Amino acid sequence: MMPAIHALQRLNIWETVKSHAAALSLMRIVDATSRVVRAPTVNFCSSEIGKKAFGYNIPNLKLNNALMDAIERTSGIIRFFSLAKSFHHEQDHVNITLSDGRVIQASFVVAADGCHSPTRAAAGIGVKQWNYPQTALILNFAHKLPHQNISTEFHTEDGPFTQVPLPGNTSSLVWVTNPSRAKELLDMQPKAIAKVIEGQMQSMLGEVTVKTAIQTCPLWGLIPHCFAANRTILVGEAAHVFPPIGAQGFNLGFRDVQTLVDILPNQISNSNFKTIIAQYNRRRKPDVFIRSGFVHTLNHTLLSNMFPVHIVRSVGLELLRNFSPLRNLLMREGMHPGDGLKAII
């Protein structure tokens, strides 16, 4: 989303990666279930809210390389290539012992070490964790027809099948399905699975060619009991894990970092660090809880076999399709929390 792009601009990275980026100007939701009550197709167009694009999609390798180059040319950053072995939290600092025996002393630690964060565990921050009966398959593919900067999310009984535009006639795919179906797909030859993908997409992008190996991951969710404690601040998947729906997780991580940048003073003391911890918890909790709850609920409406749930979901998407103020509110909130309400007020 654009707030993440703005962060890359502030870091002087955007100019390096923009030639490898594809704009996302329209998001489409298609009900591909075979249920009696089906939801209408809904289009979310960035031009409706005065934006050229919701954001830009950048291949992970290109973005990671640009970030590493930026680190190399930035003074004041020291890279340690040994793993953190243990953490010892003192009243006014944290001692970090590396696997090579060196000890680093820091005023505070940012836990950006993923969903199984050892830094989070060392700080004594507990988590609430749950599993979904789903597996995500991730790959890149080429297609005959142009995607026109449109991302299409096909909703199926097993979860969303989401095509995301990349530069040229290529797209990425996040296909959420049940574990047994995921295993069947993994056992297929590339040409065979390409045919399945083309059929699932109703041939809207023409002939498909799989370009990368398929990655898989079981879906689960995680929310920590707090987002900062014991001189440790959680960002990214150390702070939140949920299914890949609506591109919320990655952009939520960018907002974690931006919030931390916004509240950090030039000088950190014992007295003001308690304020930093409190501010970070207060500012991140509503954003993370709302996004996580939205994704969790939307995912469960797809998995539910209850007829009333199908009706509610269909009515909700019908409202979004036909009532532009509600649709615009959702788009603005999706890009940046609070923008939708500001536009109304």
# chains A, B, ... in the order shown; residues from 1 in each chain; ligands from 1
call {"tool": "residues_around", "arguments": {"residues": "segment 266-268 of chain A", "least_positions_apart": "2", "cutoff": "12 Å", "atoms": "only C-alpha atoms", "output": "ChimeraX atom specification"}}
result
/A:92-93,106-108,231,261-264,270-277
call {"tool": "write_last_selection", "arguments": {"atoms": "N, CA and C atoms", "output": "compact mmCIF listing (two decimals), in the first residue's frame"}}
result
# COMPACT_ATOMS: atom_id res chain seq x y z
N ASP A 92 18.04 -0.67 32.98
CA ASP A 92 18.26 0.43 32.05
C ASP A 92 18.89 0.01 30.72
N HIS A 93 19.00 -1.31 30.47
CA HIS A 93 19.55 -1.76 29.19
C HIS A 93 19.29 -3.26 29.01
N ALA A 106 22.46 -2.72 24.73
CA ALA A 106 21.56 -1.83 23.99
C ALA A 106 20.53 -1.22 24.93
N SER A 107 20.11 0.02 24.60
CA SER A 107 19.06 0.68 25.38
C SER A 107 17.75 -0.07 25.27
N PHE A 108 17.47 -0.61 24.08
CA PHE A 108 16.27 -1.41 23.87
C PHE A 108 16.49 -2.30 22.65
N ARG A 231 11.88 -3.45 27.69
CA ARG A 231 12.81 -2.82 26.74
C ARG A 231 12.87 -3.57 25.40
N VAL A 261 9.30 4.87 14.83
CA VAL A 261 10.09 6.04 14.42
C VAL A 261 9.45 7.32 14.92
N ASP A 262 8.12 7.39 14.85
CA ASP A 262 7.40 8.61 15.25
C ASP A 262 7.53 8.90 16.74
N ILE A 263 7.58 7.87 17.57
CA ILE A 263 7.54 8.11 19.02
C ILE A 263 8.91 8.12 19.67
N LEU A 264 9.95 7.66 18.97
CA LEU A 264 11.28 7.63 19.59
C LEU A 264 11.85 9.03 19.73
N ASN A 270 15.92 6.37 31.21
CA ASN A 270 15.08 5.45 31.97
C ASN A 270 13.67 5.99 32.14
N SER A 271 13.57 7.29 32.35
CA SER A 271 12.26 7.89 32.61
C SER A 271 11.38 7.91 31.37
N ASN A 272 11.97 8.25 30.21
CA ASN A 272 11.10 8.35 29.03
C ASN A 272 10.86 7.02 28.32
N PHE A 273 11.64 5.97 28.66
CA PHE A 273 11.41 4.71 27.95
C PHE A 273 10.10 4.05 28.38
N LYS A 274 9.70 4.26 29.63
CA LYS A 274 8.39 3.75 30.05
C LYS A 274 7.28 4.40 29.24
N THR A 275 7.46 5.68 28.92
CA THR A 275 6.48 6.39 28.09
C THR A 275 6.48 5.83 26.68
N ILE A 276 7.66 5.52 26.15
CA ILE A 276 7.77 4.94 24.80
C ILE A 276 7.02 3.61 24.74
N ILE A 277 7.25 2.76 25.73
CA ILE A 277 6.58 1.46 25.79
C ILE A 277 5.06 1.64 25.81
call {"tool": "select_by_dssp", "arguments": {"residues": "segment 27-265 of chain A", "states": "strand (DSSP E)", "output": "PyMOL selection string"}}
result
chain A and resi 27-31+42-45+55-57+84-89+94-98+103-106+109-111+127-143+150-156+159-166+170-177+208-210+215-224+228-229+232-234
call {"tool": "residues_around", "arguments": {"residues": "Ala111 of chain A", "least_positions_apart": "6", "cutoff": "10 Å", "atoms": "only C-alpha atoms", "output": "NGL selection string"}}
result
:A and (117-121 or 123 or 227-228 or 232-239)
call {"tool": "write_last_selection", "arguments": {"atoms": "C-alpha atoms", "output": "mmCIF file, in the first residue's frame"}}
result
data_model
loop_
_atom_site.group_PDB
_atom_site.id
_atom_site.type_symbol
_atom_site.label_atom_id
_atom_site.label_comp_id
_atom_site.auth_asym_id
_atom_site.auth_seq_id
_atom_site.Cartn_x
_atom_site.Cartn_y
_atom_site.Cartn_z
ATOM 1 C CA SER A 117 10.526 -14.682 17.706
ATOM 2 C CA PRO A 118 13.104 -15.762 20.328
ATOM 3 C CA THR A 119 13.510 -12.068 21.210
ATOM 4 C CA ARG A 120 9.817 -11.846 22.106
ATOM 5 C CA ALA A 121 10.044 -14.995 24.215
ATOM 6 C CA ALA A 123 11.272 -10.536 26.952
ATOM 7 C CA PHE A 227 3.427 -5.143 21.760
ATOM 8 C CA ALA A 228 6.235 -3.814 23.944
ATOM 9 C CA THR A 232 11.667 -4.917 23.788
ATOM 10 C CA ILE A 233 9.431 -3.646 20.972
ATOM 11 C CA LEU A 234 7.702 -6.045 18.569
ATOM 12 C CA VAL A 235 7.374 -5.351 14.836
ATOM 13 C CA GLY A 236 6.296 -7.408 11.824
ATOM 14 C CA GLU A 237 5.391 -11.046 12.355
ATOM 15 C CA ALA A 238 6.834 -10.943 15.860
ATOM 16 C CA ALA A 239 3.809 -8.708 16.578
#
call {"tool": "closest_residue", "arguments": {"among": "A:Val30, A:Pro265, A:Ile49, A:Pro3", "to": "Gln202 of chain A", "atoms": "only C-alpha atoms"}}
result
A:Val30
call {"tool": "closest_residue", "arguments": {"among": "A:Gly159, A:Pro40, A:Gly101, A:Gly126", "to": "Ile245 of chain A", "atoms": "only C-alpha atoms"}}
result
A:Gly159
call {"tool": "closest_residue", "arguments": {"among": "A:Pro133, A:Pro165, A:Gly249, A:Gly293", "to": "Asn178 of chain A", "atoms": "only C-alpha atoms"}}
result
A:Pro133
call {"tool": "closest_residue", "arguments": {"among": "A:Leu252, A:Val295, A:Ile125, A:Ala39", "to": "Met2 of chain A", "atoms": "only C-alpha atoms"}}
result
A:Leu252
call {"tool": "residues_around", "arguments": {"residues": "Ala70 of chain A", "least_positions_apart": "3", "cutoff": "8 Å", "atoms": "only C-alpha atoms", "output": "list in words"}}
result
Leu11, Ile13, Ala66, Leu67, Arg73 and Thr74 of chain A
call {"tool": "closest_residue", "arguments": {"among": "A:His240, A:Arg284, A:Lys128, A:Lys195", "to": "Asp256 of chain A", "atoms": "only C-alpha atoms"}}
result
A:Arg284
call {"tool": "decode", "arguments": {"residues": "segment 94-116 of chain A", "atoms": "N, CA and C atoms", "output": "JSON list (two decimals), in the first residue's frame"}}
result
[["chain", "number", "residue", "atom", "x", "y", "z"],
["A", 94, "VAL", "N", 19.65, -3.76, 27.84],
["A", 94, "VAL", "CA", 19.55, -5.19, 27.55],
["A", 94, "VAL", "C", 20.92, -5.68, 27.09],
["A", 95, "ASN", "N", 21.41, -6.78, 27.68],
["A", 95, "ASN", "CA", 22.64, -7.42, 27.22],
["A", 95, "ASN", "C", 22.28, -8.58, 26.29],
["A", 96, "ILE", "N", 22.86, -8.56, 25.09],
["A", 96, "ILE", "CA", 22.60, -9.60, 24.10],
["A", 96, "ILE", "C", 23.88, -10.38, 23.87],
["A", 97, "THR", "N", 23.85, -11.66, 24.16],
["A", 97, "THR", "CA", 25.02, -12.52, 23.94],
["A", 97, "THR", "C", 24.89, -13.22, 22.60],
["A", 98, "LEU", "N", 25.89, -13.03, 21.74],
["A", 98, "LEU", "CA", 25.89, -13.64, 20.41],
["A", 98, "LEU", "C", 26.48, -15.04, 20.46],
["A", 99, "SER", "N", 26.24, -15.81, 19.41],
["A", 99, "SER", "CA", 26.73, -17.19, 19.36],
["A", 99, "SER", "C", 28.25, -17.27, 19.30],
["A", 100, "ASP", "N", 28.91, -16.15, 18.91],
["A", 100, "ASP", "CA", 30.38, -16.15, 18.89],
["A", 100, "ASP", "C", 30.98, -15.68, 20.22],
["A", 101, "GLY", "N", 30.11, -15.45, 21.23],
["A", 101, "GLY", "CA", 30.58, -15.07, 22.55],
["A", 101, "GLY", "C", 30.58, -13.59, 22.84],
["A", 102, "ARG", "N", 30.45, -12.76, 21.83],
["A", 102, "ARG", "CA", 30.43, -11.32, 22.06],
["A", 102, "ARG", "C", 29.14, -10.91, 22.76],
["A", 103, "VAL", "N", 29.22, -9.82, 23.54],
["A", 103, "VAL", "CA", 28.05, -9.30, 24.24],
["A", 103, "VAL", "C", 27.79, -7.88, 23.79],
["A", 104, "ILE", "N", 26.55, -7.60, 23.37],
["A", 104, "ILE", "CA", 26.15, -6.26, 22.94],
["A", 104, "ILE", "C", 25.25, -5.67, 24.01],
["A", 105, "GLN", "N", 25.48, -4.42, 24.36],
["A", 105, "GLN", "CA", 24.61, -3.72, 25.30],
["A", 105, "GLN", "C", 23.78, -2.70, 24.53],
["A", 106, "ALA", "N", 22.46, -2.72, 24.73],
["A", 106, "ALA", "CA", 21.56, -1.83, 23.99],
["A", 106, "ALA", "C", 20.53, -1.22, 24.93],
["A", 107, "SER", "N", 20.11, 0.02, 24.60],
["A", 107, "SER", "CA", 19.06, 0.68, 25.38],
["A", 107, "SER", "C", 17.75, -0.07, 25.27],
["A", 108, "PHE", "N", 17.47, -0.61, 24.08],
["A", 108, "PHE", "CA", 16.27, -1.41, 23.87],
["A", 108, "PHE", "C", 16.49, -2.30, 22.65],
["A", 109, "VAL", "N", 15.60, -3.26, 22.47],
["A", 109, "VAL", "CA", 15.70, -4.22, 21.37],
["A", 109, "VAL", "C", 14.42, -4.17, 20.55],
["A", 110, "VAL", "N", 14.56, -4.14, 19.22],
["A", 110, "VAL", "CA", 13.41, -4.27, 18.33],
["A", 110, "VAL", "C", 13.36, -5.72, 17.86],
["A", 111, "ALA", "N", 12.28, -6.40, 18.22],
["A", 111, "ALA", "CA", 12.11, -7.80, 17.82],
["A", 111, "ALA", "C", 11.49, -7.84, 16.43],
["A", 112, "ALA", "N", 12.35, -8.03, 15.42],
["A", 112, "ALA", "CA", 11.89, -8.15, 14.03],
["A", 112, "ALA", "C", 12.31, -9.51, 13.49],
["A", 113, "ASP", "N", 12.25, -10.51, 14.36],
["A", 113, "ASP", "CA", 12.78, -11.83, 14.03],
["A", 113, "ASP", "C", 11.70, -12.87, 13.77],
["A", 114, "GLY", "N", 10.55, -12.42, 13.28],
["A", 114, "GLY", "CA", 9.55, -13.34, 12.77],
["A", 114, "GLY", "C", 8.58, -13.91, 13.78],
["A", 115, "CYS", "N", 7.71, -14.78, 13.24],
["A", 115, "CYS", "CA", 6.58, -15.27, 14.04],
["A", 115, "CYS", "C", 7.01, -16.12, 15.23],
["A", 116, "HIS", "N", 8.12, -16.82, 15.14],
["A", 116, "HIS", "CA", 8.60, -17.64, 16.26],
["A", 116, "HIS", "C", 9.67, -16.90, 17.07]]
